[in-house]
Amino acid sequence: MDSNAQFVEWAVVRSDIGPLFLAATGQGLVSVVFHADEPVRARAVRALAARFATEPTLAAPGGPGLLEEPIRQIEAYFDGSLRAFTLPLDWSLSSGFNRQVLQELASAVPYGTVVGYGDLARRVGRPGAAQAVGAAMGSNPLPVVVPCHRVVESHGGLGGFGGGLETKRDLLALEGVLPSPLF
């Protein structure tokens with residue numbers, strides 16, 4: 001095994017927005033992937049294997065492991081009892097400007113609030129970089145936990161979302177920002 005390889009554990013968790021693929025290293029939660037059906041899960045495992053030079057291991061159900069606390073917090077978020085994640089995060093799948101924007105988002109945009117792409121660009125010292133902030137949101141390896149669903153257009157539109165706009169609406173409704181869908 002490569003001397004830079006590290007242990008990676010993964011699991012798929014049911015949620016109100018569909019199955020979520022979660023992966024963690026010894027550094028912390030490293031990946032969250034929406035709509036984790038079999039093909040999506042297989043792609044995520046292959047990408048992590050290539051990035052970390054090791055075959056990710058399926059977490060033992062209900063057992064202690066790297067994902068025990070992330071799974072507990074994700075479940076608590078969806079049942080409405082958790083408003084702030086307190087997990088160690090492994091930022092190795094993000095770098096540069098994208099990482100800077102995502103870290104600002106994670107630390108400064110709390111549950112139940114939203115921020116505009118342009119405002120987030122200003123917060124990281126790059127006024128005028130709203131489109132680059134949008135690209136950073138699209139590259140987010142830790143959606144839900146690093147809440148890219150809370151970033152919206154300045155004129156009130158939802159903007160884009162890697163998990164689909166219905167998922168973004170559902171997450172914002174869960175947090176009380178939007179009304180819950182009627183159907």
# chains A, B, ... in the order shown; residues from 1 in each chain; ligands from 1
>>> select_by_dssp(residues="region 28-66 of chain A", states="helix (DSSP H, G or I)", output="number ranges by chain")
A: 38-52
>>> write_last_selection(atoms="N, CA, C and O atoms", output="mmCIF file, in the first residue's frame")
data_model
loop_
_atom_site.group_PDB
_atom_site.id
_atom_site.type_symbol
_atom_site.label_atom_id
_atom_site.label_comp_id
_atom_site.auth_asym_id
_atom_site.auth_seq_id
_atom_site.Cartn_x
_atom_site.Cartn_y
_atom_site.Cartn_z
ATOM 1 N N GLU A 38 -27.114 2.617 -6.272
ATOM 2 C CA GLU A 38 -25.953 1.753 -6.519
ATOM 3 C C GLU A 38 -24.925 2.362 -7.480
ATOM 4 O O GLU A 38 -23.742 2.397 -7.160
ATOM 5 N N PRO A 39 -25.327 2.890 -8.658
ATOM 6 C CA PRO A 39 -24.312 3.463 -9.551
ATOM 7 C C PRO A 39 -23.590 4.672 -8.949
ATOM 8 O O PRO A 39 -22.383 4.827 -9.114
ATOM 9 N N VAL A 40 -24.322 5.531 -8.251
ATOM 10 C CA VAL A 40 -23.718 6.710 -7.618
ATOM 11 C C VAL A 40 -22.736 6.263 -6.531
ATOM 12 O O VAL A 40 -21.614 6.764 -6.435
ATOM 13 N N ARG A 41 -23.152 5.296 -5.716
ATOM 14 C CA ARG A 41 -22.286 4.775 -4.663
ATOM 15 C C ARG A 41 -21.014 4.174 -5.258
ATOM 16 O O ARG A 41 -19.906 4.457 -4.795
ATOM 17 N N ALA A 42 -21.151 3.392 -6.309
ATOM 18 C CA ALA A 42 -19.986 2.763 -6.936
ATOM 19 C C ALA A 42 -19.011 3.820 -7.465
ATOM 20 O O ALA A 42 -17.792 3.698 -7.283
ATOM 21 N N ARG A 43 -19.532 4.877 -8.101
ATOM 22 C CA ARG A 43 -18.664 5.961 -8.598
ATOM 23 C C ARG A 43 -17.958 6.661 -7.439
ATOM 24 O O ARG A 43 -16.765 6.979 -7.521
ATOM 25 N N ALA A 44 -18.694 6.905 -6.357
ATOM 26 C CA ALA A 44 -18.094 7.596 -5.202
ATOM 27 C C ALA A 44 -16.981 6.748 -4.587
ATOM 28 O O ALA A 44 -15.918 7.276 -4.242
ATOM 29 N N VAL A 45 -17.204 5.450 -4.455
ATOM 30 C CA VAL A 45 -16.179 4.564 -3.889
ATOM 31 C C VAL A 45 -14.947 4.541 -4.791
ATOM 32 O O VAL A 45 -13.813 4.648 -4.311
ATOM 33 N N ARG A 46 -15.153 4.446 -6.122
ATOM 34 C CA ARG A 46 -14.008 4.447 -7.056
ATOM 35 C C ARG A 46 -13.226 5.754 -6.968
ATOM 36 O O ARG A 46 -11.992 5.754 -6.964
ATOM 37 N N ALA A 47 -13.938 6.889 -6.893
ATOM 38 C CA ALA A 47 -13.254 8.188 -6.817
ATOM 39 C C ALA A 47 -12.436 8.293 -5.530
ATOM 40 O O ALA A 47 -11.297 8.781 -5.553
ATOM 41 N N LEU A 48 -12.984 7.835 -4.426
ATOM 42 C CA LEU A 48 -12.238 7.878 -3.159
ATOM 43 C C LEU A 48 -11.048 6.929 -3.194
ATOM 44 O O LEU A 48 -9.968 7.260 -2.687
ATOM 45 N N ALA A 49 -11.210 5.762 -3.787
ATOM 46 C CA ALA A 49 -10.099 4.806 -3.897
ATOM 47 C C ALA A 49 -8.952 5.421 -4.689
ATOM 48 O O ALA A 49 -7.782 5.312 -4.295
ATOM 49 N N ALA A 50 -9.275 6.102 -5.777
ATOM 50 C CA ALA A 50 -8.248 6.739 -6.594
ATOM 51 C C ALA A 50 -7.583 7.891 -5.837
ATOM 52 O O ALA A 50 -6.357 8.036 -5.854
ATOM 53 N N ARG A 51 -8.365 8.699 -5.158
ATOM 54 C CA ARG A 51 -7.835 9.874 -4.457
ATOM 55 C C ARG A 51 -6.968 9.499 -3.267
ATOM 56 O O ARG A 51 -5.939 10.104 -3.012
ATOM 57 N N PHE A 52 -7.378 8.472 -2.514
ATOM 58 C CA PHE A 52 -6.677 8.119 -1.284
ATOM 59 C C PHE A 52 -5.792 6.886 -1.413
ATOM 60 O O PHE A 52 -5.185 6.454 -0.432
#
>>> residues_around(residues="Asp170 (chain A)", least_positions_apart="4", cutoff="12 Å", atoms="only C-alpha atoms", output="PyMOL selection string")
chain A and resi 15-18+78+144+149-150+158+161+163-166+174-183
>>> closest_residue(among="A:Tyr111, A:Trp91, A:Phe34, A:Phe85", to="Phe21 (chain A)", atoms="only C-alpha atoms")
A:Phe34
>>> residues_around(residues="Val101 (chain A)", least_positions_apart="6", cutoff="9 Å", atoms="only C-alpha atoms", output="list in words")
Leu120, Ala121, Arg123, Val124, Val133, Ala136 and Met137 of chain A
>>> select_by_dssp(residues="chain A", states="strand (DSSP E)", output="PyMOL selection string")
chain A and resi 9-13+20-25+28-33+57-58+115-116+151-152
>>> write_last_selection(atoms="C-alpha atoms", output="mmCIF file, in the first residue's frame")
data_model
loop_
_atom_site.group_PDB
_atom_site.id
_atom_site.type_symbol
_atom_site.label_atom_id
_atom_site.label_comp_id
_atom_site.auth_asym_id
_atom_site.auth_seq_id
_atom_site.Cartn_x
_atom_site.Cartn_y
_atom_site.Cartn_z
ATOM 1 C CA GLU A 9 -14.807 4.162 5.572
ATOM 2 C CA TRP A 10 -18.163 4.656 3.839
ATOM 3 C CA ALA A 11 -21.858 4.023 4.370
ATOM 4 C CA VAL A 12 -25.190 4.916 2.820
ATOM 5 C CA VAL A 13 -27.700 6.562 5.133
ATOM 6 C CA LEU A 20 -26.815 9.876 1.240
ATOM 7 C CA PHE A 21 -23.362 8.394 0.710
ATOM 8 C CA LEU A 22 -21.028 9.369 3.579
ATOM 9 C CA ALA A 23 -17.294 8.730 3.753
ATOM 10 C CA ALA A 24 -14.733 9.550 6.410
ATOM 11 C CA THR A 25 -10.991 9.309 6.937
ATOM 12 C CA GLY A 28 -12.945 13.508 9.596
ATOM 13 C CA LEU A 29 -15.929 13.410 7.277
ATOM 14 C CA VAL A 30 -14.590 13.734 3.727
ATOM 15 C CA SER A 31 -17.541 13.162 1.405
ATOM 16 C CA VAL A 32 -21.329 13.410 1.263
ATOM 17 C CA VAL A 33 -23.042 12.460 -1.996
ATOM 18 C CA THR A 57 -14.282 -0.033 3.526
ATOM 19 C CA LEU A 58 -18.010 -0.382 4.117
ATOM 20 C CA VAL A 115 -26.581 34.147 1.990
ATOM 21 C CA GLY A 116 -26.212 35.462 -1.558
ATOM 22 C CA VAL A 151 -26.529 30.028 -0.826
ATOM 23 C CA VAL A 152 -29.093 31.785 -3.024
#
>>> closest_residue(among="A:Leu66, A:Cys148, A:Ala76, A:Ala59", to="Val114 (chain A)", atoms="only C-alpha atoms")
A:Cys148
>>> atom_distance(atom1="CA of Thr113 (chain A)", atom2="CA of Gly156 (chain A)")
13.0 Å
>>> atom_distance(atom1="CA of His155 (chain A)", atom2="CA of Ala106 (chain A)")
22.6 Å
>>> closest_residue(among="A:Ser81, A:Ala36, A:Leu87, A:Glu55", to="Glu69 (chain A)", atoms="only C-alpha atoms")
A:Leu87
>>> closest_residue(among="A:Ala108, A:Asn98, A:Arg126, A:Thr167", to="Gly138 (chain A)", atoms="only C-alpha atoms")
A:Asn98
>>> closest_residue(among="A:Gln6, A:Pro88, A:Ala132, A:Val146", to="Val109 (chain A)", atoms="only C-alpha atoms")
A:Val146
>>> closest_residue(among="A:Val8, A:Arg169, A:Asn140, A:Arg83", to="Gln100 (chain A)", atoms="only C-alpha atoms")
A:Asn140
